[in-house]
Amino acid sequence: MISFVNVTKTFKKSRVLDNVCLDLAKGDRIALVGSNGAGKTTLIRCLLGEYTHDGKVLVDGLEPRANRAQVLARVGFVPQIPPPLKMPVGELLGFAASVCRSDPQDMVRVIGALGLDYDRIRKLPFVKLSGGMKQKTLIGVALGRPSDVLIMDEPAANLDPEARHVFFRLLADRRDDGVMLITSHRLDEVASLVNRVIEMDMGKVALDDRVADQVDMASRLSCRLTMNRPDAAFARALGEWGFSGAGVEWQGWVNGPDRLRFLGMLSRYTGLVAGLELKEAEPCVA
Amino acid sequence: MRAFLRAARLDITESLRARWFLFYSMVFGGIVVLLFVFGLTESRILGFTGLSRLLVTYIQLCVAILPIFVLITTVRSVAGDREAGVFEYMLSLPVGLAAWYWGKMVGRFTVVFLPVFLAMGGAALWSEYSEIGVPWDLFMVYTALLVSLSWSFLGFGMLISAAARSPDVAQTGAFLLWLVLLLFLDLILLGIMVREQLPLEAVVAIALANPLQSFRTAAILLFDPQMVVLGPAAYVILDELGARGYLAFALIWPLALGTGAAGWGYHLFRRGDLP
């Protein structure tokens with residue numbers, strides 16, 4: 001579906017992408033990982049037709065740069081850093097829906113599902129929203145229109161646990177429809193969302209591997225946790241995960257795709273954990 | 001067409017919310033108010049009086065401040081948007097590059113021209129109300145000259161924004177361009193060139209090419225056919241082209257120059273990296 005053929009990008013004398021060759025097929029959910037300067041963003045910008053480059057990028061045989069309208073109409077994109085747009089949220093949605101020839105109400109529905117009150121933010125300048133609200137709005141624009149290529153740069157970084165759950169569920173609904181490309185500095189953030197990992201290093205593909213595709217993206221785990229003594233820092237961390245409780249007994253929900261990240265957080269407090277129960281619940285509706 | 005109109009509208013609404021636009025509008029509105037307050041319509045200099053006197057002064061002030069305002073706000077906004085990631089996101093949507101670029105240009109033209117025109121239009125309406133009398137033919141000529149001047153410097157601004165990779169470089173480029181064109185105004189550098197006995201053709205060519213010079217000359221020539229307040233090159237040009245010929249040239253040349261510069265900028269924009 002998407003091919004990178006000997007793609008090389010050089011800025012002045014610095015080679016940022018070095019002869020990258022990749023084939024992404026329908027159904028691929030890819031974690032694009034790598035350190036800063038590895039070439040992830042440059043690769044994405046080449047795919048979006050925003051950078052000139054040597055070699056070829058093809059989306060179903062079409063070059064994004066030469067066929068912007070056809071290719072980008074199929075692409076939903078969530079950038080890592082939201083653009084500082086002064087326009088109200090309603091206007092942003094209107095513009096995006098108009099050029100994508102889609103229904104803005106679909107975007108509004110996704111925004112609502114992510115827990116954002118659209119009527120409250122409709123007239124607010126986009127730039128004045130909080131980080132999480134901006135992220136939800138951009139996810140709404142990307143997912144609220146027909147697109148079979150999803151490109152997301154650290155998409156869940158600013159989302160609260162409930163919004164993450166809805167977000168994962170929305171992704172699960174589209175899992176076999178096309179290609180999903182999710183970039184992150186940390187594999188544990190996105191590991192459960194993907195079935196393929198591509199690691200970039202110094203502009204080259206350092207690793208391209210399939211991963212086990214067992215986790216249901218819409219699943220949730222009920223969790224009960226017992227500490228051997230109350231701890232303020234641990235309690236704060238659990239609070240950020242939406243857990244309720246007091247003293248040594250805590251309970252809450254962990255999104256299926258977040259389990260690795262949750263266990264990573266717990267590992268920092270191993271000495272305090274007296275008991276832990278993680279139980280997969282029936283796939284639930286948010 | 002839909003994307004073009006959307007892009008133009010987007011730029012207009014974004015500019016209307018920007019602080020620079022408020023300041024920009026206040027400057028031009030403020031100039032007109034001050035000219036009225038200081039009783040300029042009642043004074044008489046070189047035969048100009050009433051609203052004609054005010055318009056001549058207004059247009060002289062415009063030639064000094066409008067180009068630098070247009071240049072700086074354009075390059076700051078366009079190059080700044082690119083650096084801040086606005087282009088990265090907005091150009092990930094299926095909007096054509098031509099629609100985006102020219103839509104932005106037309107949107108910006110609207111916001112840089114309207115305050116200047118509305119200030120002048122407001123002065124005309126006030127004069128009509130106060131029964132001072134409005135020289136409508138002069139008003140029309142000055143409106144056309146302002147369109148031409150704004151478009152020309154907007155074209156330069158778009159070219160600089162497309163060529164420069166950062167807002168700082170773009171701003172420096174814009175300022176240098178304005179300074180060079182200012183230095184080549186008839187009475188400043190051209191006077192020296194004539195004194196140093198440079199070939200007349202070269203001096204006239206430079207004067208003709210400079211949109212600031214053509215604007216300034218055209219703005220005055222209706223009242224001062226002898227060009228005593230301008231300079232030697234303007235006198236020669238006017239002698240060659242005649243008043244109507246020069247006026248036509250002063251309207252068309254900056255428009256062509258601005259369109260050419262913007263076209264070159266589009267070529268660079270289309271062929272280079274977008275964000």
# chains A, B, ... in the order shown; residues from 1 in each chain; ligands from 1

call {"tool": "select_by_dssp", "arguments": {"residues": "range 100-255 of chain A", "states": "strand (DSSP E or B)", "output": "VMD selection string"}}
result
chain A and resid 125 149 to 153 179 to 184 196 to 201 204 to 210 220 to 227 244 to 246 249 to 255

call {"tool": "write_last_selection", "arguments": {"atoms": "N, CA and C atoms", "output": "short mmCIF file (atom, residue, chain, number, x, y, z; two decimals), in the first residue's frame"}}
result
data_model
loop_
_atom_site.label_atom_id
_atom_site.label_comp_id
_atom_site.auth_asym_id
_atom_site.auth_seq_id
_atom_site.Cartn_x
_atom_site.Cartn_y
_atom_site.Cartn_z
N PRO A 125 -10.26 30.00 20.82
CA PRO A 125 -9.12 29.86 19.92
C PRO A 125 -8.40 28.54 20.21
N VAL A 149 -5.04 5.86 6.00
CA VAL A 149 -3.65 5.98 6.45
C VAL A 149 -3.66 6.92 7.66
N LEU A 150 -3.32 6.38 8.81
CA LEU A 150 -3.30 7.21 10.02
C LEU A 150 -1.85 7.42 10.44
N ILE A 151 -1.45 8.68 10.56
CA ILE A 151 -0.09 8.99 10.98
C ILE A 151 -0.19 9.79 12.27
N MET A 152 0.36 9.24 13.33
CA MET A 152 0.20 9.91 14.62
C MET A 152 1.53 9.99 15.35
N ASP A 153 1.87 11.21 15.72
CA ASP A 153 3.14 11.46 16.38
C ASP A 153 2.87 11.59 17.88
N VAL A 179 -3.38 1.52 7.02
CA VAL A 179 -2.07 1.54 7.67
C VAL A 179 -2.10 2.55 8.81
N MET A 180 -1.53 2.16 9.93
CA MET A 180 -1.41 3.06 11.07
C MET A 180 0.08 3.23 11.37
N LEU A 181 0.52 4.45 11.45
CA LEU A 181 1.93 4.70 11.73
C LEU A 181 1.99 5.58 12.97
N ILE A 182 2.50 5.00 14.05
CA ILE A 182 2.51 5.74 15.32
C ILE A 182 3.96 5.93 15.74
N THR A 183 4.36 7.18 15.91
CA THR A 183 5.75 7.40 16.32
C THR A 183 5.82 7.64 17.82
N SER A 184 6.91 7.24 18.38
CA SER A 184 7.11 7.46 19.81
C SER A 184 8.60 7.33 20.13
N ARG A 196 3.75 -4.22 14.34
CA ARG A 196 5.04 -4.14 13.66
C ARG A 196 5.84 -2.99 14.27
N VAL A 197 7.12 -3.21 14.45
CA VAL A 197 7.97 -2.15 15.02
C VAL A 197 9.08 -1.81 14.02
N ILE A 198 9.20 -0.53 13.72
CA ILE A 198 10.31 -0.08 12.87
C ILE A 198 11.12 0.90 13.70
N GLU A 199 12.38 0.58 13.87
CA GLU A 199 13.24 1.48 14.64
C GLU A 199 14.18 2.20 13.69
N MET A 200 14.21 3.50 13.83
CA MET A 200 15.10 4.32 12.99
C MET A 200 16.31 4.70 13.82
N ASP A 201 17.44 4.76 13.17
CA ASP A 201 18.65 5.24 13.83
C ASP A 201 19.54 5.89 12.78
N LYS A 204 18.52 5.58 9.16
CA LYS A 204 18.36 4.26 8.52
C LYS A 204 17.37 3.43 9.32
N VAL A 205 16.83 2.41 8.66
CA VAL A 205 15.97 1.47 9.37
C VAL A 205 16.87 0.50 10.12
N ALA A 206 16.87 0.59 11.45
CA ALA A 206 17.76 -0.26 12.24
C ALA A 206 17.08 -1.58 12.58
N LEU A 207 15.75 -1.56 12.66
CA LEU A 207 15.01 -2.78 13.01
C LEU A 207 13.64 -2.72 12.36
N ASP A 208 13.22 -3.83 11.79
CA ASP A 208 11.87 -3.91 11.22
C ASP A 208 11.35 -5.29 11.59
N ASP A 209 10.46 -5.34 12.58
CA ASP A 209 10.09 -6.64 13.13
C ASP A 209 8.58 -6.69 13.38
N ARG A 210 8.05 -7.90 13.29
CA ARG A 210 6.64 -8.12 13.64
C ARG A 210 6.55 -8.32 15.15
N ARG A 220 -10.06 -3.86 28.69
CA ARG A 220 -9.70 -3.17 29.93
C ARG A 220 -9.43 -4.20 31.00
N LEU A 221 -8.56 -3.85 31.92
CA LEU A 221 -8.23 -4.75 33.01
C LEU A 221 -8.66 -4.10 34.31
N SER A 222 -9.38 -4.88 35.10
CA SER A 222 -9.69 -4.33 36.42
C SER A 222 -8.50 -4.64 37.32
N CYS A 223 -8.15 -3.69 38.13
CA CYS A 223 -6.92 -3.85 38.92
C CYS A 223 -7.17 -3.53 40.39
N ARG A 224 -6.71 -4.42 41.26
CA ARG A 224 -6.76 -4.16 42.71
C ARG A 224 -5.32 -4.21 43.20
N LEU A 225 -4.99 -3.26 43.98
CA LEU A 225 -3.60 -3.14 44.40
C LEU A 225 -3.53 -2.91 45.91
N THR A 226 -2.67 -3.63 46.55
CA THR A 226 -2.47 -3.42 48.00
C THR A 226 -1.01 -3.02 48.23
N MET A 227 -0.85 -1.93 48.99
CA MET A 227 0.51 -1.51 49.33
C MET A 227 0.84 -2.03 50.73
N SER A 244 -8.90 4.82 42.37
CA SER A 244 -9.50 5.39 43.58
C SER A 244 -9.08 4.51 44.77
N GLY A 245 -9.11 5.09 45.91
CA GLY A 245 -8.72 4.35 47.09
C GLY A 245 -8.08 5.28 48.10
N ALA A 246 -7.63 4.70 49.19
CA ALA A 246 -6.97 5.50 50.22
C ALA A 246 -6.11 4.55 51.03
N GLU A 249 -5.17 0.37 50.17
CA GLU A 249 -6.01 -0.35 49.20
C GLU A 249 -6.40 0.59 48.03
N TRP A 250 -6.14 0.15 46.81
CA TRP A 250 -6.46 0.97 45.62
C TRP A 250 -7.08 0.08 44.55
N GLN A 251 -7.98 0.69 43.77
CA GLN A 251 -8.52 -0.05 42.64
C GLN A 251 -8.84 0.88 41.48
N GLY A 252 -8.82 0.28 40.28
CA GLY A 252 -9.10 1.08 39.08
C GLY A 252 -9.03 0.23 37.84
N TRP A 253 -9.02 0.93 36.71
CA TRP A 253 -9.01 0.24 35.41
C TRP A 253 -7.73 0.59 34.66
N VAL A 254 -7.23 -0.40 33.93
CA VAL A 254 -6.07 -0.17 33.07
C VAL A 254 -6.47 -0.58 31.65
N ASN A 255 -6.26 0.33 30.69
CA ASN A 255 -6.56 -0.02 29.30
C ASN A 255 -5.63 -1.15 28.85
#

call {"tool": "residues_around", "arguments": {"residues": "Asp160 in chain A", "least_positions_apart": "6", "cutoff": "8 Å", "atoms": "only C-alpha atoms", "output": "PDB file with N, CA and C atoms, in the first residue's frame"}}
result
ATOM      1  N   GLY A 132      -4.056  18.590  26.410  1.00  0.00           N
ATOM      2  CA  GLY A 132      -4.929  17.438  26.194  1.00  0.00           C
ATOM      3  C   GLY A 132      -6.097  17.766  25.282  1.00  0.00           C
ATOM      4  N   GLU A 240      -3.077   9.576  38.995  1.00  0.00           N
ATOM      5  CA  GLU A 240      -2.952   9.979  37.587  1.00  0.00           C
ATOM      6  C   GLU A 240      -3.480   8.897  36.649  1.00  0.00           C
ATOM      7  N   TRP A 241      -3.498   7.665  37.131  1.00  0.00           N
ATOM      8  CA  TRP A 241      -4.055   6.576  36.320  1.00  0.00           C
ATOM      9  C   TRP A 241      -5.562   6.427  36.541  1.00  0.00           C
TER      10      TRP A 241
END

call {"tool": "select_by_dssp", "arguments": {"residues": "range 73-257 of chain B", "states": "alpha helix (DSSP H)", "output": "MDAnalysis selection string"}}
result
chainID B and resid 73:84 86:90 97:129 136:163 167:183 191:195 200:209 211:221 232:257

call {"tool": "atom_distance", "arguments": {"atom1": "CA of Glu162 in chain A", "atom2": "CA of Val194 in chain A"}}
result
19.8 Å

call {"tool": "residues_around", "arguments": {"residues": "range 170-177 of chain B", "least_positions_apart": "5", "cutoff": "10 Å", "atoms": "only C-alpha atoms", "output": "ChimeraX atom specification"}}
result
/B:67-76,78-80,153,156-165,182-183

call {"tool": "write_last_selection", "arguments": {"atoms": "N, CA and C atoms", "output": "mmCIF file, in the first residue's frame"}}
result
data_model
loop_
_atom_site.group_PDB
_atom_site.id
_atom_site.type_symbol
_atom_site.label_atom_id
_atom_site.label_comp_id
_atom_site.auth_asym_id
_atom_site.auth_seq_id
_atom_site.Cartn_x
_atom_site.Cartn_y
_atom_site.Cartn_z
ATOM 1 N N PRO B 67 4.909 50.248 2.914
ATOM 2 C CA PRO B 67 5.751 49.125 2.440
ATOM 3 C C PRO B 67 6.417 48.347 3.563
ATOM 4 N N ILE B 68 6.959 49.031 4.550
ATOM 5 C CA ILE B 68 7.666 48.308 5.616
ATOM 6 C C ILE B 68 6.673 47.530 6.480
ATOM 7 N N PHE B 69 5.479 48.110 6.681
ATOM 8 C CA PHE B 69 4.436 47.398 7.434
ATOM 9 C C PHE B 69 4.047 46.112 6.709
ATOM 10 N N VAL B 70 3.793 46.249 5.406
ATOM 11 C CA VAL B 70 3.356 45.085 4.621
ATOM 12 C C VAL B 70 4.450 44.018 4.615
ATOM 13 N N LEU B 71 5.685 44.466 4.376
ATOM 14 C CA LEU B 71 6.800 43.509 4.313
ATOM 15 C C LEU B 71 6.979 42.767 5.634
ATOM 16 N N ILE B 72 7.083 43.519 6.711
ATOM 17 C CA ILE B 72 7.400 42.890 8.001
ATOM 18 C C ILE B 72 6.262 41.990 8.478
ATOM 19 N N THR B 73 5.016 42.483 8.377
ATOM 20 C CA THR B 73 3.910 41.641 8.868
ATOM 21 C C THR B 73 3.770 40.381 8.013
ATOM 22 N N THR B 74 4.015 40.515 6.714
ATOM 23 C CA THR B 74 3.892 39.330 5.847
ATOM 24 C C THR B 74 4.962 38.303 6.171
ATOM 25 N N VAL B 75 6.216 38.745 6.231
ATOM 26 C CA VAL B 75 7.273 37.746 6.449
ATOM 27 C C VAL B 75 7.204 37.172 7.862
ATOM 28 N N ARG B 76 6.838 38.009 8.832
ATOM 29 C CA ARG B 76 6.730 37.493 10.205
ATOM 30 C C ARG B 76 5.619 36.438 10.285
ATOM 31 N N VAL B 78 4.080 34.693 7.679
ATOM 32 C CA VAL B 78 4.222 33.501 6.829
ATOM 33 C C VAL B 78 5.403 32.640 7.302
ATOM 34 N N ALA B 79 6.582 33.288 7.468
ATOM 35 C CA ALA B 79 7.749 32.510 7.898
ATOM 36 C C ALA B 79 7.558 32.026 9.342
ATOM 37 N N GLY B 80 6.874 32.845 10.160
ATOM 38 C CA GLY B 80 6.619 32.458 11.556
ATOM 39 C C GLY B 80 5.695 31.246 11.631
ATOM 40 N N PHE B 153 4.449 45.159 -2.666
ATOM 41 C CA PHE B 153 5.257 44.795 -1.492
ATOM 42 C C PHE B 153 4.786 43.474 -0.857
ATOM 43 N N PHE B 156 6.698 40.972 -2.783
ATOM 44 C CA PHE B 156 8.077 40.878 -2.264
ATOM 45 C C PHE B 156 8.087 40.086 -0.950
ATOM 46 N N GLY B 157 7.099 40.376 -0.100
ATOM 47 C CA GLY B 157 7.021 39.689 1.203
ATOM 48 C C GLY B 157 6.841 38.188 1.032
ATOM 49 N N MET B 158 5.999 37.793 0.093
ATOM 50 C CA MET B 158 5.768 36.362 -0.133
ATOM 51 C C MET B 158 7.026 35.706 -0.685
ATOM 52 N N LEU B 159 7.727 36.424 -1.560
ATOM 53 C CA LEU B 159 8.972 35.869 -2.129
ATOM 54 C C LEU B 159 10.014 35.668 -1.024
ATOM 55 N N ILE B 160 10.176 36.691 -0.187
ATOM 56 C CA ILE B 160 11.171 36.590 0.892
ATOM 57 C C ILE B 160 10.784 35.464 1.854
ATOM 58 N N SER B 161 9.486 35.359 2.176
ATOM 59 C CA SER B 161 9.031 34.304 3.092
ATOM 60 C C SER B 161 9.302 32.918 2.528
ATOM 61 N N ALA B 162 9.130 32.773 1.206
ATOM 62 C CA ALA B 162 9.346 31.460 0.583
ATOM 63 C C ALA B 162 10.840 31.139 0.521
ATOM 64 N N ALA B 163 11.652 32.175 0.335
ATOM 65 C CA ALA B 163 13.091 31.932 0.158
ATOM 66 C C ALA B 163 13.810 31.733 1.483
ATOM 67 N N ALA B 164 13.380 32.481 2.521
ATOM 68 C CA ALA B 164 14.096 32.417 3.804
ATOM 69 C C ALA B 164 13.607 31.231 4.618
ATOM 70 N N ARG B 165 14.505 30.599 5.349
ATOM 71 C CA ARG B 165 14.120 29.418 6.125
ATOM 72 C C ARG B 165 13.728 29.768 7.564
ATOM 73 N N LEU B 182 14.294 52.593 -0.538
ATOM 74 C CA LEU B 182 14.202 53.944 0.024
ATOM 75 C C LEU B 182 15.417 54.774 -0.393
ATOM 76 N N LEU B 183 16.593 54.140 -0.365
ATOM 77 C CA LEU B 183 17.820 54.845 -0.732
ATOM 78 C C LEU B 183 17.834 55.230 -2.203
#

call {"tool": "residues_around", "arguments": {"residues": "range 74-85 of chain A", "least_positions_apart": "4", "cutoff": "9 Å", "atoms": "only C-alpha atoms", "output": "ChimeraX atom specification"}}
result
/A:48,69-70,92,100,125-128,131,134-135,138-139,141-155,157,183 /B:14,81,84-90,92-94

call {"tool": "write_last_selection", "arguments": {"atoms": "N, CA and C atoms", "output": "compact mmCIF listing (two decimals), in the first residue's frame"}}
result
# COMPACT_ATOMS: atom_id res chain seq x y z
N LEU A 48 3.93 12.63 3.86
CA LEU A 48 2.88 13.64 3.70
C LEU A 48 3.12 14.54 2.48
N ALA A 69 -3.97 16.07 -3.46
CA ALA A 69 -5.39 15.96 -3.15
C ALA A 69 -5.80 14.51 -2.96
N GLN A 70 -5.39 13.64 -3.92
CA GLN A 70 -5.82 12.23 -3.84
C GLN A 70 -5.20 11.52 -2.63
N LEU A 92 -11.54 25.59 12.67
CA LEU A 92 -10.56 24.58 12.27
C LEU A 92 -11.28 23.35 11.71
N CYS A 100 -11.41 18.35 3.14
CA CYS A 100 -11.44 16.87 3.08
C CYS A 100 -12.77 16.37 2.54
N PRO A 125 -10.26 30.00 20.82
CA PRO A 125 -9.12 29.86 19.92
C PRO A 125 -8.40 28.54 20.21
N PHE A 126 -8.05 27.82 19.16
CA PHE A 126 -7.40 26.52 19.33
C PHE A 126 -6.15 26.64 20.20
N VAL A 127 -5.41 27.71 20.01
CA VAL A 127 -4.13 27.87 20.71
C VAL A 127 -4.30 28.02 22.23
N LYS A 128 -5.52 28.44 22.64
CA LYS A 128 -5.76 28.66 24.08
C LYS A 128 -6.17 27.39 24.81
N GLY A 131 -3.13 21.27 26.58
CA GLY A 131 -2.45 20.28 25.74
C GLY A 131 -3.34 19.10 25.40
N LYS A 134 -6.18 20.08 22.97
CA LYS A 134 -5.68 20.22 21.59
C LYS A 134 -5.51 18.85 20.96
N GLN A 135 -4.93 17.94 21.75
CA GLN A 135 -4.68 16.59 21.24
C GLN A 135 -6.00 15.92 20.85
N LEU A 138 -7.33 17.41 17.61
CA LEU A 138 -6.60 16.96 16.42
C LEU A 138 -6.90 15.49 16.11
N ILE A 139 -7.08 14.69 17.17
CA ILE A 139 -7.46 13.29 16.95
C ILE A 139 -8.86 13.24 16.32
N VAL A 141 -10.19 15.47 14.36
CA VAL A 141 -10.07 15.84 12.94
C VAL A 141 -9.52 14.66 12.12
N ALA A 142 -8.55 13.95 12.72
CA ALA A 142 -7.90 12.85 11.99
C ALA A 142 -8.81 11.63 11.87
N LEU A 143 -9.51 11.31 12.94
CA LEU A 143 -10.33 10.08 12.93
C LEU A 143 -11.76 10.33 12.47
N GLY A 144 -12.17 11.58 12.49
CA GLY A 144 -13.56 11.90 12.13
C GLY A 144 -13.77 12.08 10.65
N ARG A 145 -12.95 11.46 9.86
CA ARG A 145 -13.14 11.53 8.40
C ARG A 145 -12.63 10.23 7.79
N PRO A 146 -13.11 9.92 6.61
CA PRO A 146 -12.67 8.66 6.02
C PRO A 146 -11.19 8.72 5.65
N SER A 147 -10.38 7.93 6.33
CA SER A 147 -8.94 7.92 6.01
C SER A 147 -8.43 6.51 6.28
N ASP A 148 -7.64 6.00 5.36
CA ASP A 148 -7.10 4.66 5.59
C ASP A 148 -5.61 4.68 5.88
N VAL A 149 -5.04 5.86 6.00
CA VAL A 149 -3.65 5.98 6.45
C VAL A 149 -3.66 6.92 7.66
N LEU A 150 -3.32 6.38 8.81
CA LEU A 150 -3.30 7.21 10.02
C LEU A 150 -1.85 7.42 10.44
N ILE A 151 -1.45 8.68 10.56
CA ILE A 151 -0.09 8.99 10.98
C ILE A 151 -0.19 9.79 12.27
N MET A 152 0.36 9.24 13.33
CA MET A 152 0.20 9.91 14.62
C MET A 152 1.53 9.99 15.35
N ASP A 153 1.87 11.21 15.72
CA ASP A 153 3.14 11.46 16.38
C ASP A 153 2.87 11.59 17.88
N GLU A 154 3.24 10.63 18.68
CA GLU A 154 2.98 10.63 20.12
C GLU A 154 1.52 11.02 20.41
N PRO A 155 0.56 10.29 19.85
CA PRO A 155 -0.82 10.78 19.90
C PRO A 155 -1.47 10.75 21.27
N ALA A 157 0.04 11.06 24.23
CA ALA A 157 0.91 11.59 25.28
C ALA A 157 0.17 12.48 26.29
N THR A 183 4.36 7.18 15.91
CA THR A 183 5.75 7.40 16.32
C THR A 183 5.82 7.64 17.82
N GLU B 14 -7.45 34.77 10.56
CA GLU B 14 -6.28 34.66 11.44
C GLU B 14 -5.66 36.05 11.66
N ASP B 81 4.65 31.24 10.80
CA ASP B 81 3.73 30.09 10.75
C ASP B 81 4.47 28.83 10.35
N ALA B 84 6.56 27.66 13.30
CA ALA B 84 5.78 27.21 14.46
C ALA B 84 5.06 25.88 14.21
N GLY B 85 5.09 25.40 12.98
CA GLY B 85 4.46 24.10 12.70
C GLY B 85 3.06 24.22 12.12
N VAL B 86 2.63 25.45 11.83
CA VAL B 86 1.29 25.63 11.24
C VAL B 86 1.26 25.00 9.84
N PHE B 87 2.33 25.23 9.07
CA PHE B 87 2.38 24.67 7.71
C PHE B 87 2.39 23.14 7.77
N GLU B 88 3.14 22.59 8.73
CA GLU B 88 3.24 21.13 8.81
C GLU B 88 1.84 20.52 8.94
N TYR B 89 1.04 21.13 9.82
CA TYR B 89 -0.29 20.57 10.04
C TYR B 89 -1.26 20.91 8.91
N MET B 90 -1.33 22.20 8.58
CA MET B 90 -2.34 22.61 7.60
C MET B 90 -2.07 21.99 6.22
N SER B 92 -0.84 19.13 5.75
CA SER B 92 -1.08 17.68 5.76
C SER B 92 -2.53 17.40 5.35
N LEU B 93 -3.32 18.47 5.25
CA LEU B 93 -4.70 18.33 4.77
C LEU B 93 -4.69 18.43 3.24
N PRO B 94 -5.68 17.83 2.59
CA PRO B 94 -5.63 17.80 1.13
C PRO B 94 -5.97 19.14 0.47

call {"tool": "interface_residues", "arguments": {"of": "chain B", "to": "chain A", "cutoff": "12 Å", "atoms": "only C-alpha atoms", "output": "NGL selection string"}}
result
:B and (1-19 or 77 or 80-100 or 165 or 268-275)

call {"tool": "write_last_selection", "arguments": {"atoms": "C-alpha atoms", "output": "tab-separated table (two decimals), in the first residue's frame"}}
result
chain	number	residue	atom	x	y	z
B	1	MET	CA	-11.53	27.03	-5.99
B	2	ARG	CA	-13.08	25.91	-2.72
B	3	ALA	CA	-9.64	25.37	-1.18
B	4	PHE	CA	-8.42	28.72	-2.51
B	5	LEU	CA	-11.35	30.59	-0.98
B	6	ARG	CA	-11.00	28.64	2.27
B	7	ALA	CA	-7.28	29.45	2.46
B	8	ALA	CA	-7.94	33.15	1.76
B	9	ARG	CA	-10.69	33.26	4.38
B	10	LEU	CA	-8.50	31.47	6.87
B	11	ASP	CA	-5.70	33.99	6.44
B	12	ILE	CA	-8.11	36.91	6.77
B	13	THR	CA	-9.67	35.60	9.97
B	14	GLU	CA	-6.28	34.66	11.44
B	15	SER	CA	-4.96	38.18	10.67
B	16	LEU	CA	-8.03	39.89	12.10
B	17	ARG	CA	-7.30	38.17	15.41
B	18	ALA	CA	-3.63	39.09	15.40
B	19	ARG	CA	-2.28	41.96	17.46
B	77	SER	CA	3.38	35.84	9.73
B	80	GLY	CA	6.62	32.46	11.56
B	81	ASP	CA	3.73	30.09	10.75
B	82	ARG	CA	6.11	27.81	8.95
B	83	GLU	CA	8.53	27.72	11.87
B	84	ALA	CA	5.78	27.21	14.46
B	85	GLY	CA	4.46	24.10	12.70
B	86	VAL	CA	1.29	25.63	11.24
B	87	PHE	CA	2.38	24.67	7.71
B	88	GLU	CA	3.24	21.13	8.81
B	89	TYR	CA	-0.29	20.57	10.04
B	90	MET	CA	-2.34	22.61	7.60
B	91	LEU	CA	-0.47	21.23	4.59
B	92	SER	CA	-1.08	17.68	5.76
B	93	LEU	CA	-4.70	18.33	4.77
B	94	PRO	CA	-5.63	17.80	1.13
B	95	VAL	CA	-5.30	21.43	0.08
B	96	GLY	CA	-3.45	22.20	-3.16
B	97	LEU	CA	-0.22	24.16	-2.89
B	98	ALA	CA	-1.40	26.75	-5.42
B	99	ALA	CA	-4.70	27.20	-3.56
B	100	TRP	CA	-2.84	27.55	-0.25
B	165	ARG	CA	14.12	29.42	6.12
B	268	LEU	CA	10.34	28.29	-4.65
B	269	PHE	CA	7.54	27.24	-2.29
B	270	ARG	CA	6.31	24.50	-4.64
B	271	ARG	CA	9.75	23.12	-5.29
B	272	GLY	CA	11.14	23.28	-1.75
B	273	ASP	CA	10.38	21.79	1.63
B	274	LEU	CA	7.02	23.03	2.88
B	275	PRO	CA	7.39	23.12	6.68

call {"tool": "atom_distance", "arguments": {"atom1": "CA of Val57 in chain A", "atom2": "CA of Ser3 in chain A"}}
result
5.7 Å

call {"tool": "residues_around", "arguments": {"residues": "Arg244 in chain B", "least_positions_apart": "4", "cutoff": "10 Å", "atoms": "only C-alpha atoms", "output": "list in words"}}
result
Ala218, Leu221, Leu222, Leu238, Ala248, Phe249 and Ala250 of chain B

call {"tool": "atom_distance", "arguments": {"atom1": "CA of Trp126 in chain B", "atom2": "CA of Trp20 in chain B"}}
result
26.4 Å

call {"tool": "closest_residue", "arguments": {"among": "A:Asp258, A:Asp176, A:Asp231, A:Asp119", "to": "Arg164 in chain A", "atoms": "only C-alpha atoms"}}
result
A:Asp258

call {"tool": "residues_around", "arguments": {"residues": "range 134-137 of chain B", "least_positions_apart": "4", "cutoff": "9 Å", "atoms": "only C-alpha atoms", "output": "short mmCIF file (atom, residue, chain, number, x, y, z; two decimals) with N, CA and C atoms, in the first residue's frame"}}
result
data_model
loop_
_atom_site.label_atom_id
_atom_site.label_comp_id
_atom_site.auth_asym_id
_atom_site.auth_seq_id
_atom_site.Cartn_x
_atom_site.Cartn_y
_atom_site.Cartn_z
N GLY B 50 -8.23 71.69 1.40
CA GLY B 50 -9.34 70.78 1.63
C GLY B 50 -8.88 69.34 1.74
N LEU B 51 -9.74 68.41 1.29
CA LEU B 51 -9.41 66.99 1.40
C LEU B 51 -8.23 66.62 0.50
N SER B 52 -8.06 67.35 -0.61
CA SER B 52 -6.91 67.09 -1.48
C SER B 52 -5.61 67.21 -0.70
N ALA B 124 -12.95 60.61 3.46
CA ALA B 124 -13.81 61.12 2.38
C ALA B 124 -15.24 61.29 2.88
N LEU B 125 -15.72 60.30 3.61
CA LEU B 125 -17.10 60.37 4.12
C LEU B 125 -17.26 61.54 5.08
N SER B 127 -15.52 64.26 5.08
CA SER B 127 -15.46 65.49 4.30
C SER B 127 -16.79 65.76 3.62
N GLU B 128 -17.40 64.68 3.13
CA GLU B 128 -18.70 64.82 2.49
C GLU B 128 -19.71 65.34 3.51
N VAL B 141 -7.83 57.61 -7.99
CA VAL B 141 -6.44 57.41 -8.42
C VAL B 141 -5.59 56.93 -7.24
N TYR B 142 -5.80 57.55 -6.09
CA TYR B 142 -5.00 57.18 -4.91
C TYR B 142 -5.36 55.75 -4.45
#
